[in-house]
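Notes to accompany the following structure.
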Amino acid sequence: MLDVAPSGSSDRSLAPQRNDSLEMPRGDLSKMNENKPDDSKNLACIFCRKSDDCPNKYGEKKTYEKWNFSVHYYCLLMSSGIWQRGKEEEGVYGFLVEDIKKEVHRASKLKCAVCKKNGASIGCVVPRCKRSYHFPCGLQNECIFQFTDNFASFCWKHRPVQAMTSNMYRDSLPCTICLEFIDPIPTYSVLRSPCCKNAWFHRDCLQVQALSAGVFFFRCTLCNNTDIFQKEMLRMGIHIPEKDASWELEENAYEDLLQSHNRCDVRRCHCKKGRDYNEPNSKWEVKRCQCCGSSGTHVACSSLQLLEQNWECLDCRRISYSADFRKAPKHPLANSTNVTVTDCLLEEPSSKLPRQSAGTHHKELQRQGSKFKRDISTILVELGFQIKKKPKRLWINKANVWRSALEQFQGQKFNPTYTIEVVYVDENEQFGREYPVSKQEFLSHLMEHLENSSLFEGSLSKNLSLNSQALKENLYYEAGKMLAISLVHGGPSPGFFSETLFNCLVYGPENTLPILDDVSDFEVTQIIFKINAAADMSSLKSAINECYSYLENIGCLRLITTLSDKYVLVKDILFYHVIKRVQEPLNSFKQGLKILGVLEKIQAYPDVFHKILCRKPENLSAKTLSDLFTVRGLPNGQTLRFWNSYLQAVEDGKSTTTMKDILIFATGCSSVPPAGFKPLPSIECLHVDFPVGNKCDHCLALPITNTFQEFQESMDFAIRDTLRLEKEEGSRSLSWT
């Protein structure tokens, strides 16, 4: 149990009591209980004078016949003038009996602000507030009790509240625990999840769940976040006991899990004693599938070594290597000359992949179903649990973000699991001015540089290029490492991968079929077009002779006997140029992506990661930005209305700025990162002439004006000019090796 420090009210009531005698008059204690000595089971709590035994509301009630009193755990824990001076087994939960008597005596002189009776042992922590109350009275009057740190208590006037978004929900939403519909407005009895905007709860539902789950299993019901969620719930007065979950304490609760699969399931079992026979340490020992554990084989039936453990059942092998999860669509075999280059590349499945019946394919999709139904933000938040609170400061030369970041990431002391803090250094100024920037703004700049670097080729959808100098400097590894760090640390989605590059990362180069759009070399494109355009054998051989040296150098020369052989030749050229030629950069790039477990997650959830690696974020809308920004400080109703009207005007094209400009001005990011913003973007209403964007805190200060026209002119001028200056400065400093 943590030491319980007194809350704010003890400053006004505890000091005079320090000289009291350790022995409390018996009359005081009996007066607090007002029960007969032999009626021990119905003794009232000596603090709140209630005999109710309701653990969910007041904590566990314990009766001590030796001292002839009962006490609620929460009443004792939240009392302002008592410390836990004993060990856990001493006194009552580590609170010495003599200290409890002194606290009861102190509280007997304090009147409850709710019921007007004496014995109010809990005081509001706000120094100027003089309210005291019993624990049940505080609950009745919606006080907040924080079961953490100093166990502070707040009265109904000074209790903490949750931030409200500028655009409130109009429709009711269900409590994600009991599923009853509630009005999604933060109140005492209705709480919002700090990590999921659509997760709302009844306070009572949350408290019951917290008591049942304990500190190790209490988490957001939507995204499973623990740290942020528990911190906010503790702030809002939810008690999270430091114990194991109730279902973990049930006797034999997981007895069924101890039963393992011990049966041979291969098509032909050679054991004469039957499929269920299992003799350990022999050739008739049953080995379970290392992936699913629900299929088995005798060692002899699958020709395994006795100590071999990495056996996979047929279903799991099919799922691992199946081509059914490729992004490329399939086409029938070409049987005429009217087939395009792209069609010929996708005409037949790889001979290395097993064929599947419709039933097996359906079974695999069912087995894989839950695997692909995950949200990208949830996956990245889970990866973010690796990030430690230990900070690592990066000193970035603003004149060359890429090279400066590369030097920092390659440093021996750099650890990708440390929290990143970024400081930009402007060496062009006389004194080398330094100023901190948000981590997400830096990662946005880094991804922009990476997309336009010589490591990639292509216009919109990019593939890896072949750069010998970059290979020598191991830059492909560093690029993969930067991308992995950016995703886990809250950076933007890249959105520039081609389908071919993505498929190489997920399914392997041998299972990927490139297309003509992947070729950025004009000369190679012309060669492919000439070969594909050949209408007869004579023109085909002529086209091949023109590029004979090239085909010989890349190892694609083959015997041409029919006109349809041109499709195989084109396929070979594409595979060499797009995949085989850059095999070494690809392997290096994949090694970098393994940092923080990112590549493993990409391969486990390809559909989810495809949206952020191969597609640019959707355009921002007025509703998106309105929901994104929460209100900080004292809200100004008129300014908030101007803000929402301004967003709508920008969306309708009635402003010189864009939604993207507003987000960059406030956060430094041009889109919402896949993992979300941390801290959450906020707006505050201030008496300033122009809006002010604090990109480190993601806070936008709005000017308080008399008319909407003044508000719009102020916003347009500040955002437009600020971004123009930043763009000019960035174009001067943009530098690449």
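Chain identifiers are assigned as A, B, and so on, following the order in which chains appear in the structure tokens; residues are numbered from 1 within each chain, and ligands are numbered from 1 in order of appearance.
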
Quick one: everything within 12 Å of His158 of chain A, counting only C-alpha atoms, minus sequence neighbours fewer than 4 positions away in the same chain. Send it as an NGL selection string.
-> :A and (123-131 or 142-145 or 152-154)

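For the residues A:Val425, A:Leu76, A:Ala107, A:Ala120, ranking by smallest atom-to-atom distance to Gly94 of chain A using only C-alpha atoms places A:Leu76 first.
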
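Minimum distance to Arg403 of chain A across A:Thr657, A:Ser453, A:Gln146, A:Ser212 (counting only C-alpha atoms) occurs at A:Ser453.
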
If we count only C-alpha atoms, what is near segment 374-389 of chain A at a cut-off of 7 Å, once residues fewer than 4 positions away on the same chain are taken out, given as a PyMOL selection string?
-> chain A and resi 223+417-419+488-489+608-609+674-676

For the residues in that selection, give me N, CA and C atoms as a compact mmCIF listing (two decimals), in the first residue's frame.
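Once written, again.txt looks like this:
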# COMPACT_ATOMS: atom_id res chain seq x y z
N CYS A 223 -9.35 0.40 -27.84
CA CYS A 223 -7.99 0.28 -28.37
C CYS A 223 -7.03 -0.46 -27.45
N THR A 417 14.23 3.15 -29.08
CA THR A 417 13.19 3.00 -28.06
C THR A 417 13.13 4.18 -27.11
N TYR A 418 14.04 5.16 -27.26
CA TYR A 418 14.01 6.35 -26.40
C TYR A 418 13.02 7.37 -26.96
N THR A 419 12.47 8.17 -26.09
CA THR A 419 11.59 9.26 -26.52
C THR A 419 12.41 10.33 -27.25
N VAL A 488 6.28 4.47 -35.63
CA VAL A 488 6.07 4.13 -34.21
C VAL A 488 6.07 5.38 -33.34
N HIS A 489 6.88 6.37 -33.70
CA HIS A 489 6.98 7.58 -32.88
C HIS A 489 5.94 8.64 -33.25
N VAL A 608 -4.14 -3.50 -43.63
CA VAL A 608 -4.15 -2.29 -42.81
C VAL A 608 -3.00 -1.35 -43.20
N PHE A 609 -1.80 -1.91 -43.35
CA PHE A 609 -0.64 -1.07 -43.66
C PHE A 609 -0.64 -0.61 -45.12
N PRO A 674 -0.96 8.37 -38.59
CA PRO A 674 -1.72 7.12 -38.35
C PRO A 674 -1.88 6.80 -36.87
N ALA A 675 -0.87 7.12 -36.06
CA ALA A 675 -0.95 6.84 -34.63
C ALA A 675 -1.65 7.95 -33.86
N GLY A 676 -2.06 9.03 -34.56
CA GLY A 676 -2.71 10.15 -33.89
C GLY A 676 -1.70 11.14 -33.33

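The protein and nucleic acid residues lying at most 8 Å from Ile396 of chain A are Val401, Ser404, Ala405, Val422, Val423, Tyr424 and Val425 of chain A, with only C-alpha atoms considered and sequence neighbours fewer than 5 positions away removed.
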
Neighbours of Ser670 of chain A within 12 Å (only C-alpha atoms; same-chain residues fewer than 2 positions away dropped), as a count of residues only?
-> 32

DSSP on the backbone: what in segment 40-280 of chain A comes out strand (DSSP E or B), as a ChimeraX atom specification?
-> /A:45,61-64,69-72,92,95,111,118,122-123,132-133,144-145,153-154,165,173-175,181-182,190-192,200-202

Given the selection you just returned, output its residues as a file containing N, CA and C atoms, formatted as a CSV table (one decimal), in the first residue's frame.
chain,number,residue,atom,x,y,z
A,45,CYS,N,-19.6,2.7,10.3
A,45,CYS,CA,-18.2,3.2,10.0
A,45,CYS,C,-18.0,4.4,10.9
A,61,LYS,N,-15.7,-3.0,3.9
A,61,LYS,CA,-16.0,-2.7,5.2
A,61,LYS,C,-15.4,-3.7,6.2
A,62,LYS,N,-14.6,-3.3,7.1
A,62,LYS,CA,-14.1,-4.2,8.1
A,62,LYS,C,-14.5,-3.9,9.5
A,63,THR,N,-14.8,-4.9,10.3
A,63,THR,CA,-15.2,-4.7,11.7
A,63,THR,C,-14.1,-5.3,12.6
A,64,TYR,N,-13.7,-4.6,13.6
A,64,TYR,CA,-12.7,-5.0,14.5
A,64,TYR,C,-13.3,-5.1,15.9
A,69,PHE,N,-15.0,-1.2,16.6
A,69,PHE,CA,-15.4,-0.2,15.6
A,69,PHE,C,-15.3,-0.9,14.2
A,70,SER,N,-16.0,-0.3,13.2
A,70,SER,CA,-16.0,-0.7,11.8
A,70,SER,C,-15.5,0.5,11.0
A,71,VAL,N,-15.0,0.2,9.8
A,71,VAL,CA,-14.5,1.3,9.0
A,71,VAL,C,-14.6,0.9,7.5
A,72,HIS,N,-15.0,1.8,6.7
A,72,HIS,CA,-14.9,1.6,5.2
A,72,HIS,C,-13.5,2.0,4.7
A,92,VAL,N,-5.1,-1.3,10.8
A,92,VAL,CA,-6.1,-1.4,9.7
A,92,VAL,C,-5.5,-1.0,8.4
A,95,PHE,N,-2.7,1.3,8.8
A,95,PHE,CA,-3.0,2.6,9.6
A,95,PHE,C,-3.1,2.2,11.0
A,111,LYS,N,-17.7,20.1,10.5
A,111,LYS,CA,-19.0,19.9,10.0
A,111,LYS,C,-19.0,19.6,8.5
A,118,ASN,N,-21.3,16.6,12.1
A,118,ASN,CA,-19.9,16.5,12.4
A,118,ASN,C,-19.3,15.2,11.9
A,122,ILE,N,-12.8,14.5,5.4
A,122,ILE,CA,-12.2,14.7,4.1
A,122,ILE,C,-12.4,16.2,3.7
A,123,GLY,N,-11.3,16.8,3.3
A,123,GLY,CA,-11.4,18.2,2.8
A,123,GLY,C,-10.9,18.4,1.4
A,132,SER,N,-15.5,20.6,3.9
A,132,SER,CA,-15.2,19.2,4.4
A,132,SER,C,-16.4,18.4,4.3
A,133,TYR,N,-16.3,17.1,4.2
A,133,TYR,CA,-17.4,16.2,4.0
A,133,TYR,C,-17.1,14.8,4.3
A,144,ILE,N,-14.8,14.4,-6.4
A,144,ILE,CA,-13.9,13.5,-7.1
A,144,ILE,C,-12.8,13.2,-6.0
A,145,PHE,N,-12.5,11.8,-5.9
A,145,PHE,CA,-11.5,11.3,-5.0
A,145,PHE,C,-10.5,10.6,-5.9
A,153,SER,N,-8.6,15.0,-2.8
A,153,SER,CA,-10.0,15.1,-2.9
A,153,SER,C,-10.4,16.4,-3.4
A,154,PHE,N,-11.4,16.5,-4.2
A,154,PHE,CA,-11.9,17.8,-4.8
A,154,PHE,C,-13.4,17.9,-4.6
A,165,THR,N,-14.7,18.9,-26.9
A,165,THR,CA,-14.4,19.3,-28.3
A,165,THR,C,-15.2,20.5,-28.7
A,173,LEU,N,-24.5,8.1,-28.1
A,173,LEU,CA,-23.6,7.0,-28.3
A,173,LEU,C,-23.7,6.0,-27.2
A,174,PRO,N,-23.4,4.7,-27.5
A,174,PRO,CA,-23.6,3.7,-26.4
A,174,PRO,C,-22.4,3.7,-25.5
A,175,CYS,N,-22.7,3.5,-24.2
A,175,CYS,CA,-21.6,3.2,-23.2
A,175,CYS,C,-20.9,1.9,-23.7
A,181,PHE,N,-27.4,3.7,-24.4
A,181,PHE,CA,-27.1,5.0,-25.0
A,181,PHE,C,-27.1,6.1,-24.0
A,182,ILE,N,-26.1,7.0,-24.2
A,182,ILE,CA,-25.9,8.2,-23.4
A,182,ILE,C,-25.6,9.4,-24.2
A,190,VAL,N,-20.7,10.7,-16.7
A,190,VAL,CA,-20.3,10.3,-18.1
A,190,VAL,C,-18.9,10.7,-18.4
A,191,LEU,N,-18.0,9.7,-18.7
A,191,LEU,CA,-16.6,9.9,-18.9
A,191,LEU,C,-16.3,9.5,-20.4
A,192,ARG,N,-15.3,10.2,-20.9
A,192,ARG,CA,-14.8,9.9,-22.2
A,192,ARG,C,-13.4,9.3,-22.2
A,200,TRP,N,-17.2,6.1,-24.8
A,200,TRP,CA,-17.9,6.8,-23.7
A,200,TRP,C,-18.3,5.8,-22.7
A,201,PHE,N,-18.3,6.2,-21.4
A,201,PHE,CA,-18.7,5.3,-20.3
A,201,PHE,C,-19.5,5.9,-19.3
A,202,HIS,N,-20.4,5.1,-18.6
A,202,HIS,CA,-20.9,5.5,-17.3
A,202,HIS,C,-19.8,5.4,-16.3

May I have the residues within 9 Å of Ser302 of chain A as a ChimeraX atom specification, using only C-alpha atoms and disregarding those fewer than 2 positions away in the same chain?
-> /A:266,269,297-300,304,311

Please return as a ChimeraX atom specification: the residues of segment 30-118 of chain A that backbone DSSP assigns to alpha helix (DSSP H).
-> /A:30-33,55-58,73-78,97-107

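Every protein, DNA or RNA residue with an atom at most 10 Å from Thr707 of chain A, where only C-alpha atoms count and chain neighbours fewer than 3 positions away do not, is listed here: Gln638, Thr639, Phe642, Ile704, Glu710, Phe711 and Gln712 of chain A.
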
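Compared by their closest atoms to Asp518 of chain A, and using only C-alpha atoms, the residues A:Leu501, A:Leu77, A:Cys54, A:Ala535 rank with A:Leu501 nearest.
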
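For the pair atom CA of Pro606 of chain A and atom CA of Tyr507 of chain A, the interatomic distance is 9.4 Å.
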
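Note that the spacing between atom CA of Gly693 of chain A and atom CA of Met715 of chain A amounts to 10.9 Å.
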
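When only C-alpha atoms are used to measure the gap to Leu222 of chain A, the shortest distance among A:Asn694, A:Asn198, A:Ser468, A:Ser461 belongs to A:Asn198.
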
Work out how far atom CA of Leu483 of chain A is from atom CA of Leu446 of chain A, in Å to one decimal.
-> 9.0 Å
